[in-house]
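Trainee: Next up is a structure, given as structure tokens.
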Amino acid sequence: MNAESIRVRGLVQGVGFRPTVWRLARACGLVGDVLNDGAGVLIRVQADDRQTIDRFCERLRAECPPLARIESIERTPLAAGLETDAFAILASAATEVQTGIVADAATCPDCAAEILDPTDRRYRYPFTNCTHCGPRLSIVRGIPYDRAWTSMAVFPMCPVCAGEYANPADRRFHAQPNACPDCGPRVWLTDAEGRELDPAGFGAVDAIAAASRLLAEGRILAIKGIGGFHLACDAANAAAVAELRRRKRRFGKPFALMARDLETIRAVCRVTDADAALLESPAAPILLLDMRAPRSGEDGQVSRCPSDATALAPEIAPGQTTLGFMLPYSPLHRLLLADWARPLVMTSGNLSEEPQCIDNLDAAKRLSPLADFSLLHDRAIVNRVDDSVVRVMAGAPRLLRRARGYAPSPIRLPPGFADAPPILAFGGELKNTLCLARDGQAILSQHLGDLEDARTAREYEATLALYLELFQHRPRLLAVDLHPDYRSSLLGRDWAARADLPLVGVQHHHAHLASALADNGWPLEAGPVLGILLDGLGYGDDGTLWGGEFLAADYRDYRRIGHLKPVPLPGGTQAILEPWRSLYAQLEYARGWDEMQARYPHLSLVRRLDEKPLGVLRILMERGLNAPPSSSAGRLFDAVAATLGLGGERVTYEGQAAIELEAAASRAMETAGPGYPFATLATPSATVLDAAPLWDALFDDLTQGVASDRIAARFHLGFSAALVDVGLELAARNGLDTVALSGGVFQNRLLLESVADGFSAAGLRVLMQQQVPANDGGLSLGQACVAAAQSLPASSRQP
């Protein structure tokens, strides 16, 4: 007889893996057992010959459940045979945690069919799930992933559900959130004062049907979902959309939309087969899609549905050419939208810039002024998990926000990192995530938000404690951003002092680059690349603010070999909020404001700027008072946007001016003509890319009445060409044949694709991020990789 112990590592718990093992073992004629433990799944099998076990392992890889991901299968012969004549599923074993938690998954087709089948016992039950779908991270409190360690522990299963749970042949075998109307969570509707309402009073069969009717009447609803609350309204009701903006204090940022099916989305956006696959995937993210061209005579602000009755409200996405759509990913959402032939606004349940509500009591306090009614349930959300956001750029889906459906699935680190000590990386200040790294893999948290908000900062610390407990992670090395005032860095430095742990400070743009390398599987010993890192700002190792950088770097070291010419930010943070300040600073440093004023006195832009307190700003810049110099690419985009009146006098959300500039440019890239010129300056330490020449060309276009869209496109074309030209020269000079693109500015599809195409055409390999955001949401992964690389012995490092 042949007996083996088979260790399976990866995402193999809470996904129906053990019943799959049971089914395949029986089909192959094996005896033995299987159990979950902290390291994954442990299988013991016995057969007459080794070939039978080989076939079993082959089928296990080929037929693993849809949510599972096998990282490795390790086989060890057993000296003694197994004393059994059957195959059994054993109870979970409590051992050191080395396995992962599966991300929340959208409703599978089988569960979706059940909730719409009047003969099924789960008809219209909004918490229907199985091992192929449903909540995971949002309800888990501990490992192993068993019901007792989730928020479903307070709902004892009825005999029928318990029978499903115990039957290995049932797809609900050990589905931890398994429930039905007799034993599971319930949903109800309340008014703004918190009073529960009878659905019959609305002529509805249940609370969800009543909520749908209220939305159709133009009401705004707070809806408790999988990982948090949404605020919802009819996307075709202009008054409701405007009122939601007023209440939420979200005056310009586009709203996310949810539609019941692909055909509803196709009515307003272009949807490719690849787009459809993303929307219908278990992750079910918000996907940014190009709007369809408006009909003749329409204003072009937003795309229209086929009939006036379903036309989207103009204020859904002002100034944009894209819409963010998702499909219903929970049974509750599916039931809510079942009768809707038009989309619903489905935006996060919070005031602008606050974290999303997850608790009924908190929502009663914070959302009652925002919503007319609330659709609530009593399954606790343990972990806030925002909707993920994806954009297809340069031929591939790229995460802009990694949360529901993706986190906390582990990311396999490239070759060379397996021997690094356990690391905790604290991330940045904005779009924060945290990262746990050990044993050659990284666990990146869901998007946690901006730590400038006190609630988010408190939640960040609670999530950090939870992750350390969930994954039994005991860090021996900490990594933080160099910025002296980031809350995450302050926490990391305090932690290091209290625990007497080594601390690695990682330069912001080096972390961006390392994140891009890790995302692309770049081995530790593979050598340096040229990194082009463009963002709003990051703390440089010289104490100034960087944001437009060319680095020659690997994971351990970097050299700053090029950058945008530094320009002051007059007023500091105010320059980020008011793009006209960056425009004035650019003009002052390019040619001088007085000369620009003399050359272009007829331009309304010049007259508008002249009404600003420019004298005060000039003094600030001359004296270096609250006007820090910065090589920020983000502020350059803001300055160009300000020439066209984009972003307004004061932006209402991060990146607004640059996002509106991209939208304008997208309408004229094919007809814009040549891009605006840039200059390069050689210094002893770096090549400096100077934007000064573009301003004369841009202002000449303004004088000649060139359309705004064409001006925006010419800037994109010119900047992209300048980045490629400088990059090719630096790559050749430093013997580099690979370029990595990262930083939040590369969320701009026009820029990313133009730059990537330019380098590819010249024969360079181009690395772009997919699994992890190029924005600050990817910083913690980069910090962990830099710290790991610097911790390894010299023999493991690239010379």
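Residues are named by chain letter and number: chains run A, B, ... in the order of the structure tokens, numbers start at 1 in each chain, and ligands are numbered from 1 in the order shown.
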Please provide the set of residues having any atom within 12 Å of A:Ala79, restricted to only C-alpha atoms, with same-chain residues fewer than 4 positions apart removed, written as a tab-separated table (two decimals) with N, CA and C atoms, in the first residue's frame.

Mentor:
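Resulting contents of result-v2.tsv:
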chain	number	residue	atom	x	y	z
A	1	MET	N	0.83	-1.20	0.00
A	1	MET	CA	0.00	0.00	0.00
A	1	MET	C	0.87	1.25	0.00
A	2	ASN	N	0.38	2.32	-0.63
A	2	ASN	CA	1.06	3.62	-0.67
A	2	ASN	C	0.24	4.62	0.13
A	3	ALA	N	0.88	5.23	1.13
A	3	ALA	CA	0.22	6.25	1.96
A	3	ALA	C	1.04	7.53	1.94
A	4	GLU	N	0.36	8.67	1.84
A	4	GLU	CA	1.04	9.96	1.79
A	4	GLU	C	0.30	10.98	2.63
A	5	SER	N	1.08	11.95	3.14
A	5	SER	CA	0.54	13.18	3.71
A	5	SER	C	0.69	14.27	2.66
A	46	GLN	N	-4.41	6.98	1.09
A	46	GLN	CA	-3.79	5.68	0.89
A	46	GLN	C	-4.41	5.02	-0.33

Trainee: Excluding A:Ile561 and residues on its chain fewer than 4 positions from it, collect all residues at most 10 Å away from it, counting only C-alpha atoms, and give them as a PyMOL selection string.

Mentor: chain A and resi 530-531+549-553+683-688+727+730-731+734

Trainee: When you count only C-alpha atoms, which of these residues is closest to A:Ser515: A:Leu335, A:Cys269, A:Ala86, A:Leu444?

Mentor: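 The closest residue to A:Ser515 is A:Leu444.
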
Trainee: Which residues come within 10 Å of stretch 87-93 of chain A, counting only C-alpha atoms, excluding same-chain residues fewer than 5 positions away, as a PDB file with all heavy atoms, in the first residue's frame?

Mentor:
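Output file result38.pdb follows:
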ATOM      1  N   ARG A  18     -12.423  21.284   1.168  1.00  0.00           N
ATOM      2  CA  ARG A  18     -12.458  19.945   1.763  1.00  0.00           C
ATOM      3  C   ARG A  18     -13.499  19.040   1.105  1.00  0.00           C
ATOM      4  O   ARG A  18     -13.213  17.869   0.825  1.00  0.00           O
ATOM      5  CB  ARG A  18     -12.681  20.049   3.271  1.00  0.00           C
ATOM      6  CG  ARG A  18     -11.439  20.501   4.033  1.00  0.00           C
ATOM      7  CD  ARG A  18     -11.724  20.648   5.517  1.00  0.00           C
ATOM      8  NE  ARG A  18     -12.742  21.662   5.770  1.00  0.00           N
ATOM      9  CZ  ARG A  18     -13.329  21.840   6.945  1.00  0.00           C
ATOM     10  NH1 ARG A  18     -13.010  21.055   7.974  1.00  0.00           N
ATOM     11  NH2 ARG A  18     -14.237  22.792   7.111  1.00  0.00           N
ATOM     12  N   PRO A  19     -14.721  19.532   0.807  1.00  0.00           N
ATOM     13  CA  PRO A  19     -15.647  18.639   0.097  1.00  0.00           C
ATOM     14  C   PRO A  19     -15.170  18.270  -1.301  1.00  0.00           C
ATOM     15  O   PRO A  19     -15.464  17.176  -1.793  1.00  0.00           O
ATOM     16  CB  PRO A  19     -16.962  19.428   0.056  1.00  0.00           C
ATOM     17  CG  PRO A  19     -16.624  20.806   0.445  1.00  0.00           C
ATOM     18  CD  PRO A  19     -15.395  20.751   1.282  1.00  0.00           C
ATOM     19  N   VAL A  21     -11.981  17.814  -2.026  1.00  0.00           N
ATOM     20  CA  VAL A  21     -11.026  16.744  -1.727  1.00  0.00           C
ATOM     21  C   VAL A  21     -11.774  15.432  -1.461  1.00  0.00           C
ATOM     22  O   VAL A  21     -11.404  14.363  -1.985  1.00  0.00           O
ATOM     23  CB  VAL A  21     -10.150  17.125  -0.509  1.00  0.00           C
ATOM     24  CG1 VAL A  21      -9.323  15.930  -0.033  1.00  0.00           C
ATOM     25  CG2 VAL A  21      -9.250  18.302  -0.847  1.00  0.00           C
ATOM     26  N   TRP A  22     -12.817  15.503  -0.677  1.00  0.00           N
ATOM     27  CA  TRP A  22     -13.627  14.323  -0.343  1.00  0.00           C
ATOM     28  C   TRP A  22     -14.201  13.680  -1.603  1.00  0.00           C
ATOM     29  O   TRP A  22     -14.122  12.465  -1.795  1.00  0.00           O
ATOM     30  CB  TRP A  22     -14.732  14.755   0.613  1.00  0.00           C
ATOM     31  CG  TRP A  22     -15.707  13.692   1.037  1.00  0.00           C
ATOM     32  CD1 TRP A  22     -15.553  12.794   2.045  1.00  0.00           C
ATOM     33  CD2 TRP A  22     -17.001  13.456   0.467  1.00  0.00           C
ATOM     34  NE1 TRP A  22     -16.673  11.991   2.144  1.00  0.00           N
ATOM     35  CE2 TRP A  22     -17.577  12.378   1.191  1.00  0.00           C
ATOM     36  CE3 TRP A  22     -17.731  14.030  -0.566  1.00  0.00           C
ATOM     37  CZ2 TRP A  22     -18.844  11.868   0.904  1.00  0.00           C
ATOM     38  CZ3 TRP A  22     -18.986  13.532  -0.863  1.00  0.00           C
ATOM     39  CH2 TRP A  22     -19.549  12.468  -0.137  1.00  0.00           C
ATOM     40  N   ARG A  23     -14.769  14.511  -2.486  1.00  0.00           N
ATOM     41  CA  ARG A  23     -15.372  13.989  -3.718  1.00  0.00           C
ATOM     42  C   ARG A  23     -14.322  13.338  -4.612  1.00  0.00           C
ATOM     43  O   ARG A  23     -14.530  12.232  -5.136  1.00  0.00           O
ATOM     44  CB  ARG A  23     -16.085  15.120  -4.457  1.00  0.00           C
ATOM     45  CG  ARG A  23     -16.649  14.726  -5.810  1.00  0.00           C
ATOM     46  CD  ARG A  23     -17.373  15.891  -6.464  1.00  0.00           C
ATOM     47  NE  ARG A  23     -16.511  17.040  -6.695  1.00  0.00           N
ATOM     48  CZ  ARG A  23     -15.693  17.138  -7.745  1.00  0.00           C
ATOM     49  NH1 ARG A  23     -15.600  16.153  -8.634  1.00  0.00           N
ATOM     50  NH2 ARG A  23     -14.957  18.225  -7.893  1.00  0.00           N
ATOM     51  N   ALA A  25     -11.299  12.228  -3.779  1.00  0.00           N
ATOM     52  CA  ALA A  25     -10.706  11.047  -3.144  1.00  0.00           C
ATOM     53  C   ALA A  25     -11.602   9.826  -3.336  1.00  0.00           C
ATOM     54  O   ALA A  25     -11.119   8.728  -3.662  1.00  0.00           O
ATOM     55  CB  ALA A  25     -10.465  11.316  -1.661  1.00  0.00           C
ATOM     56  N   ARG A  26     -12.886  10.005  -3.148  1.00  0.00           N
ATOM     57  CA  ARG A  26     -13.822   8.897  -3.347  1.00  0.00           C
ATOM     58  C   ARG A  26     -13.841   8.457  -4.800  1.00  0.00           C
ATOM     59  O   ARG A  26     -13.891   7.257  -5.104  1.00  0.00           O
ATOM     60  CB  ARG A  26     -15.213   9.307  -2.873  1.00  0.00           C
ATOM     61  CG  ARG A  26     -15.327   9.398  -1.347  1.00  0.00           C
ATOM     62  CD  ARG A  26     -16.567  10.155  -0.914  1.00  0.00           C
ATOM     63  NE  ARG A  26     -17.788   9.578  -1.417  1.00  0.00           N
ATOM     64  CZ  ARG A  26     -18.555   8.692  -0.768  1.00  0.00           C
ATOM     65  NH1 ARG A  26     -18.161   8.269   0.443  1.00  0.00           N
ATOM     66  NH2 ARG A  26     -19.674   8.238  -1.282  1.00  0.00           N
ATOM     67  N   GLY A  29     -10.935   6.344  -5.541  1.00  0.00           N
ATOM     68  CA  GLY A  29     -10.819   5.128  -4.759  1.00  0.00           C
ATOM     69  C   GLY A  29      -9.823   5.214  -3.626  1.00  0.00           C
ATOM     70  O   GLY A  29      -9.250   4.192  -3.216  1.00  0.00           O
ATOM     71  N   LEU A  30      -9.601   6.399  -3.073  1.00  0.00           N
ATOM     72  CA  LEU A  30      -8.650   6.588  -1.983  1.00  0.00           C
ATOM     73  C   LEU A  30      -9.365   6.500  -0.637  1.00  0.00           C
ATOM     74  O   LEU A  30     -10.562   6.831  -0.511  1.00  0.00           O
ATOM     75  CB  LEU A  30      -7.975   7.954  -2.097  1.00  0.00           C
ATOM     76  CG  LEU A  30      -7.172   8.230  -3.372  1.00  0.00           C
ATOM     77  CD1 LEU A  30      -6.662   9.664  -3.351  1.00  0.00           C
ATOM     78  CD2 LEU A  30      -6.012   7.261  -3.505  1.00  0.00           C
ATOM     79  N   VAL A  31      -8.624   6.134   0.387  1.00  0.00           N
ATOM     80  CA  VAL A  31      -9.102   6.220   1.756  1.00  0.00           C
ATOM     81  C   VAL A  31      -8.193   7.188   2.500  1.00  0.00           C
ATOM     82  O   VAL A  31      -7.072   7.463   2.080  1.00  0.00           O
ATOM     83  CB  VAL A  31      -9.111   4.838   2.458  1.00  0.00           C
ATOM     84  CG1 VAL A  31     -10.030   3.881   1.732  1.00  0.00           C
ATOM     85  CG2 VAL A  31      -7.689   4.268   2.541  1.00  0.00           C
ATOM     86  N   GLY A  32      -8.700   7.723   3.623  1.00  0.00           N
ATOM     87  CA  GLY A  32      -7.904   8.663   4.392  1.00  0.00           C
ATOM     88  C   GLY A  32      -8.761   9.738   5.012  1.00  0.00           C
ATOM     89  O   GLY A  32      -9.927   9.502   5.363  1.00  0.00           O
ATOM     90  N   ASP A  33      -8.213  10.962   5.115  1.00  0.00           N
ATOM     91  CA  ASP A  33      -8.957  12.052   5.732  1.00  0.00           C
ATOM     92  C   ASP A  33      -8.383  13.396   5.305  1.00  0.00           C
ATOM     93  O   ASP A  33      -7.293  13.467   4.721  1.00  0.00           O
ATOM     94  CB  ASP A  33      -8.960  11.927   7.260  1.00  0.00           C
ATOM     95  CG  ASP A  33      -7.568  11.734   7.841  1.00  0.00           C
ATOM     96  OD1 ASP A  33      -6.679  12.547   7.535  1.00  0.00           O
ATOM     97  OD2 ASP A  33      -7.364  10.752   8.589  1.00  0.00           O
ATOM     98  N   VAL A  34      -9.121  14.468   5.610  1.00  0.00           N
ATOM     99  CA  VAL A  34      -8.713  15.833   5.295  1.00  0.00           C
ATOM    100  C   VAL A  34      -9.175  16.749   6.415  1.00  0.00           C
ATOM    101  O   VAL A  34     -10.247  16.530   7.012  1.00  0.00           O
ATOM    102  CB  VAL A  34      -9.298  16.297   3.935  1.00  0.00           C
ATOM    103  CG1 VAL A  34     -10.819  16.259   3.936  1.00  0.00           C
ATOM    104  CG2 VAL A  34      -8.820  17.716   3.587  1.00  0.00           C
ATOM    105  N   LEU A  35      -8.352  17.755   6.725  1.00  0.00           N
ATOM    106  CA  LEU A  35      -8.742  18.732   7.737  1.00  0.00           C
ATOM    107  C   LEU A  35      -8.127  20.093   7.407  1.00  0.00           C
ATOM    108  O   LEU A  35      -7.143  20.187   6.671  1.00  0.00           O
ATOM    109  CB  LEU A  35      -8.327  18.287   9.144  1.00  0.00           C
ATOM    110  CG  LEU A  35      -6.849  18.010   9.450  1.00  0.00           C
ATOM    111  CD1 LEU A  35      -6.079  19.294   9.734  1.00  0.00           C
ATOM    112  CD2 LEU A  35      -6.741  17.079  10.646  1.00  0.00           C
ATOM    113  N   ASN A  36      -8.735  21.140   7.964  1.00  0.00           N
ATOM    114  CA  ASN A  36      -8.168  22.495   7.925  1.00  0.00           C
ATOM    115  C   ASN A  36      -7.267  22.688   9.136  1.00  0.00           C
ATOM    116  O   ASN A  36      -7.571  22.216  10.235  1.00  0.00           O
ATOM    117  CB  ASN A  36      -9.271  23.554   8.005  1.00  0.00           C
ATOM    118  CG  ASN A  36      -9.964  23.783   6.671  1.00  0.00           C
ATOM    119  OD1 ASN A  36      -9.493  23.349   5.638  1.00  0.00           O
ATOM    120  ND2 ASN A  36     -11.097  24.467   6.726  1.00  0.00           N
ATOM    121  N   ASP A  37      -6.172  23.398   8.954  1.00  0.00           N
ATOM    122  CA  ASP A  37      -5.390  23.862  10.086  1.00  0.00           C
ATOM    123  C   ASP A  37      -4.792  25.221   9.739  1.00  0.00           C
ATOM    124  O   ASP A  37      -5.102  25.799   8.687  1.00  0.00           O
ATOM    125  CB  ASP A  37      -4.322  22.841  10.492  1.00  0.00           C
ATOM    126  CG  ASP A  37      -3.281  22.583   9.403  1.00  0.00           C
ATOM    127  OD1 ASP A  37      -3.224  23.357   8.420  1.00  0.00           O
ATOM    128  OD2 ASP A  37      -2.519  21.605   9.539  1.00  0.00           O
ATOM    129  N   GLY A  38      -3.950  25.738  10.593  1.00  0.00           N
ATOM    130  CA  GLY A  38      -3.419  27.075  10.380  1.00  0.00           C
ATOM    131  C   GLY A  38      -2.583  27.218   9.137  1.00  0.00           C
ATOM    132  O   GLY A  38      -2.407  28.322   8.620  1.00  0.00           O
ATOM    133  N   ALA A  39      -2.014  26.103   8.627  1.00  0.00           N
ATOM    134  CA  ALA A  39      -1.143  26.170   7.448  1.00  0.00           C
ATOM    135  C   ALA A  39      -1.894  25.960   6.147  1.00  0.00           C
ATOM    136  O   ALA A  39      -1.301  26.105   5.070  1.00  0.00           O
ATOM    137  CB  ALA A  39      -0.027  25.133   7.572  1.00  0.00           C
ATOM    138  N   VAL A  41      -4.613  23.171   4.242  1.00  0.00           N
ATOM    139  CA  VAL A  41      -5.371  21.925   4.263  1.00  0.00           C
ATOM    140  C   VAL A  41      -4.376  20.766   4.324  1.00  0.00           C
ATOM    141  O   VAL A  41      -3.395  20.741   3.575  1.00  0.00           O
ATOM    142  CB  VAL A  41      -6.280  21.798   3.025  1.00  0.00           C
ATOM    143  CG1 VAL A  41      -6.839  20.388   2.888  1.00  0.00           C
ATOM    144  CG2 VAL A  41      -7.432  22.798   3.117  1.00  0.00           C
ATOM    145  N   LEU A  42      -4.638  19.825   5.215  1.00  0.00           N
ATOM    146  CA  LEU A  42      -3.790  18.646   5.353  1.00  0.00           C
ATOM    147  C   LEU A  42      -4.603  17.416   4.973  1.00  0.00           C
ATOM    148  O   LEU A  42      -5.679  17.160   5.531  1.00  0.00           O
ATOM    149  CB  LEU A  42      -3.277  18.512   6.785  1.00  0.00           C
ATOM    150  CG  LEU A  42      -2.332  17.330   7.050  1.00  0.00           C
ATOM    151  CD1 LEU A  42      -1.045  17.483   6.226  1.00  0.00           C
ATOM    152  CD2 LEU A  42      -1.999  17.239   8.539  1.00  0.00           C
ATOM    153  N   ILE A  43      -4.083  16.665   4.014  1.00  0.00           N
ATOM    154  CA  ILE A  43      -4.757  15.479   3.500  1.00  0.00           C
ATOM    155  C   ILE A  43      -3.874  14.264   3.777  1.00  0.00           C
ATOM    156  O   ILE A  43      -2.653  14.302   3.587  1.00  0.00           O
ATOM    157  CB  ILE A  43      -4.990  15.583   1.973  1.00  0.00           C
ATOM    158  CG1 ILE A  43      -5.688  16.909   1.622  1.00  0.00           C
ATOM    159  CG2 ILE A  43      -5.795  14.399   1.454  1.00  0.00           C
ATOM    160  CD1 ILE A  43      -5.663  17.226   0.125  1.00  0.00           C
ATOM    161  N   ARG A  44      -4.504  13.174   4.231  1.00  0.00           N
ATOM    162  CA  ARG A  44      -3.813  11.884   4.301  1.00  0.00           C
ATOM    163  C   ARG A  44      -4.572  10.907   3.419  1.00  0.00           C
ATOM    164  O   ARG A  44      -5.810  10.779   3.532  1.00  0.00           O
ATOM    165  CB  ARG A  44      -3.759  11.371   5.738  1.00  0.00           C
ATOM    166  CG  ARG A  44      -2.968  12.258   6.697  1.00  0.00           C
ATOM    167  CD  ARG A  44      -2.746  11.565   8.030  1.00  0.00           C
ATOM    168  NE  ARG A  44      -4.005  11.100   8.605  1.00  0.00           N
ATOM    169  CZ  ARG A  44      -4.096  10.161   9.575  1.00  0.00           C
ATOM    170  NH1 ARG A  44      -2.981   9.595  10.049  1.00  0.00           N
ATOM    171  NH2 ARG A  44      -5.267   9.797  10.066  1.00  0.00           N
ATOM    172  N   VAL A  45      -3.837  10.225   2.524  1.00  0.00           N
ATOM    173  CA  VAL A  45      -4.481   9.305   1.587  1.00  0.00           C
ATOM    174  C   VAL A  45      -3.699   8.000   1.506  1.00  0.00           C
ATOM    175  O   VAL A  45      -2.492   7.953   1.779  1.00  0.00           O
ATOM    176  CB  VAL A  45      -4.598   9.918   0.171  1.00  0.00           C
ATOM    177  CG1 VAL A  45      -5.526  11.109   0.166  1.00  0.00           C
ATOM    178  CG2 VAL A  45      -3.227  10.312  -0.360  1.00  0.00           C
ATOM    179  N   GLN A  46      -4.410   6.983   1.086  1.00  0.00           N
ATOM    180  CA  GLN A  46      -3.790   5.675   0.893  1.00  0.00           C
ATOM    181  C   GLN A  46      -4.408   5.020  -0.327  1.00  0.00           C
ATOM    182  O   GLN A  46      -5.619   5.114  -0.548  1.00  0.00           O
ATOM    183  CB  GLN A  46      -4.011   4.800   2.139  1.00  0.00           C
ATOM    184  CG  GLN A  46      -3.353   3.425   2.086  1.00  0.00           C
ATOM    185  CD  GLN A  46      -3.415   2.738   3.433  1.00  0.00           C
ATOM    186  OE1 GLN A  46      -2.663   3.076   4.344  1.00  0.00           O
ATOM    187  NE2 GLN A  46      -4.322   1.783   3.570  1.00  0.00           N
ATOM    188  N   PRO A 144      -8.878  29.382  12.553  1.00  0.00           N
ATOM    189  CA  PRO A 144      -9.360  29.009  11.226  1.00  0.00           C
ATOM    190  C   PRO A 144     -10.726  29.628  10.913  1.00  0.00           C
ATOM    191  O   PRO A 144     -11.477  29.984  11.824  1.00  0.00           O
ATOM    192  CB  PRO A 144      -9.458  27.481  11.295  1.00  0.00           C
ATOM    193  CG  PRO A 144      -8.574  27.082  12.430  1.00  0.00           C
ATOM    194  CD  PRO A 144      -8.676  28.204  13.409  1.00  0.00           C
ATOM    195  N   TYR A 145     -11.019  29.702   9.623  1.00  0.00           N
ATOM    196  CA  TYR A 145     -12.263  30.314   9.183  1.00  0.00           C
ATOM    197  C   TYR A 145     -13.410  29.327   9.436  1.00  0.00           C
ATOM    198  O   TYR A 145     -13.780  28.525   8.583  1.00  0.00           O
ATOM    199  CB  TYR A 145     -12.166  30.687   7.713  1.00  0.00           C
ATOM    200  CG  TYR A 145     -13.467  31.234   7.142  1.00  0.00           C
ATOM    201  CD1 TYR A 145     -13.939  32.478   7.534  1.00  0.00           C
ATOM    202  CD2 TYR A 145     -14.210  30.503   6.224  1.00  0.00           C
ATOM    203  CE1 TYR A 145     -15.126  32.975   7.029  1.00  0.00           C
ATOM    204  CE2 TYR A 145     -15.391  30.992   5.711  1.00  0.00           C
ATOM    205  CZ  TYR A 145     -15.849  32.224   6.118  1.00  0.00           C
ATOM    206  OH  TYR A 145     -17.023  32.711   5.617  1.00  0.00           O
ATOM    207  N   ASP A 146     -13.922  29.348  10.650  1.00  0.00           N
ATOM    208  CA  ASP A 146     -15.073  28.550  11.049  1.00  0.00           C
ATOM    209  C   ASP A 146     -16.150  29.491  11.565  1.00  0.00           C
ATOM    210  O   ASP A 146     -15.875  30.613  11.985  1.00  0.00           O
ATOM    211  CB  ASP A 146     -14.695  27.537  12.131  1.00  0.00           C
ATOM    212  CG  ASP A 146     -13.887  26.369  11.577  1.00  0.00           C
ATOM    213  OD1 ASP A 146     -14.090  26.016  10.399  1.00  0.00           O
ATOM    214  OD2 ASP A 146     -13.031  25.829  12.309  1.00  0.00           O
ATOM    215  N   ALA A 166     -23.461  19.883   7.090  1.00  0.00           N
ATOM    216  CA  ALA A 166     -22.761  18.652   7.464  1.00  0.00           C
ATOM    217  C   ALA A 166     -22.611  17.666   6.308  1.00  0.00           C
ATOM    218  O   ALA A 166     -21.923  16.652   6.469  1.00  0.00           O
ATOM    219  CB  ALA A 166     -23.505  17.982   8.618  1.00  0.00           C
ATOM    220  N   PRO A 168     -21.053  16.485   2.966  1.00  0.00           N
ATOM    221  CA  PRO A 168     -19.957  16.795   2.039  1.00  0.00           C
ATOM    222  C   PRO A 168     -20.377  16.874   0.588  1.00  0.00           C
ATOM    223  O   PRO A 168     -19.679  17.484  -0.224  1.00  0.00           O
ATOM    224  CB  PRO A 168     -18.979  15.622   2.258  1.00  0.00           C
ATOM    225  CG  PRO A 168     -19.325  15.068   3.593  1.00  0.00           C
ATOM    226  CD  PRO A 168     -20.802  15.266   3.742  1.00  0.00           C
TER     227      PRO A 168
END

Trainee: Which of these, A:Ala514, A:Val389, A:Val12, A:Leu24, has the shortest distance to A:Glu63 once you count only C-alpha atoms?

Mentor: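 Closest residue, counting only C-alpha atoms: A:Leu24.
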
Trainee: For stretch 111-124 of chain A, find every residue with an atom within 12 Å (counting only C-alpha atoms), except residues of its own chain fewer than 2 positions away, and show them as a PyMOL selection string.

Mentor: chain A and resi 106-109+126-134+160-161+171-172+178-184+186-187+205-209+328-336+338-339

Trainee: For A:Pro66, which residue among A:Leu694, A:Leu11, A:Ile101, A:Leu482 is the nearest when counting only C-alpha atoms?

Mentor: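 So, comparing all the options, the nearest one is A:Leu11.
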
Trainee: Of the residues A:Ala668, A:Ala713, A:Leu288, A:Val506, which is the one nearest to A:Leu399, using only C-alpha atoms?

Mentor: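 That would be A:Leu288, the residue with the smallest distance to A:Leu399.
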
Trainee: So that I can see what lies close to stretch 754-758 of chain A, please list as a list in words the residues with an atom at most 6 Å from it, counting only C-alpha atoms and leaving out residues fewer than 3 positions away in the same chain.

Mentor: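 Once the nearby chain positions are removed, what remains is Ser720, Leu751 and Ala761 of chain A.
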
Trainee: Write the residues of the preceding selection, restricted to C-alpha atoms, as an mmCIF file, in the first residue's frame.

Mentor:
data_model
loop_
_atom_site.group_PDB
_atom_site.id
_atom_site.type_symbol
_atom_site.label_atom_id
_atom_site.label_comp_id
_atom_site.auth_asym_id
_atom_site.auth_seq_id
_atom_site.Cartn_x
_atom_site.Cartn_y
_atom_site.Cartn_z
ATOM 1 C CA SER A 720 4.303 61.900 -22.455
ATOM 2 C CA LEU A 751 -0.537 59.246 -19.944
ATOM 3 C CA ALA A 761 8.436 51.003 -29.316
#

Trainee: Please return as a CSV table (one decimal) with C-alpha atoms, in the first residue's frame: the residues of stretch 553-736 of chain A that backbone DSSP assigns to strand (DSSP E).

Mentor:
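This is the output file states32.csv:
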chain,number,residue,atom,x,y,z
A,553,ALA,CA,16.8,51.5,-8.4
A,558,TYR,CA,18.0,53.9,-5.5
A,559,ARG,CA,19.6,56.9,-7.1
A,560,ARG,CA,17.7,60.0,-8.1
A,561,ILE,CA,18.9,60.5,-11.7
A,562,GLY,CA,16.2,62.9,-12.9
A,563,HIS,CA,13.2,64.9,-11.8
A,564,LEU,CA,10.8,67.6,-12.8
A,567,VAL,CA,8.4,74.8,-8.3
A,568,PRO,CA,7.0,76.3,-5.0
A,629,PRO,CA,9.5,73.7,-3.5
A,630,SER,CA,8.2,70.5,-5.1
A,679,ALA,CA,13.2,71.5,-21.9
A,680,THR,CA,15.9,69.5,-20.2
A,681,LEU,CA,18.6,70.8,-18.0
A,682,ALA,CA,21.7,68.9,-17.0
A,687,THR,CA,18.6,65.6,-15.4
A,688,VAL,CA,15.9,68.1,-14.8
A,689,LEU,CA,12.8,68.2,-16.9
A,690,ASP,CA,11.6,71.8,-17.2

Trainee: Running DSSP on the backbone, which parts of stretch 306-401 of chain A land in alpha helix (DSSP H), as a VMD selection string?

Mentor: chain A and resid 331 to 337 360 to 366
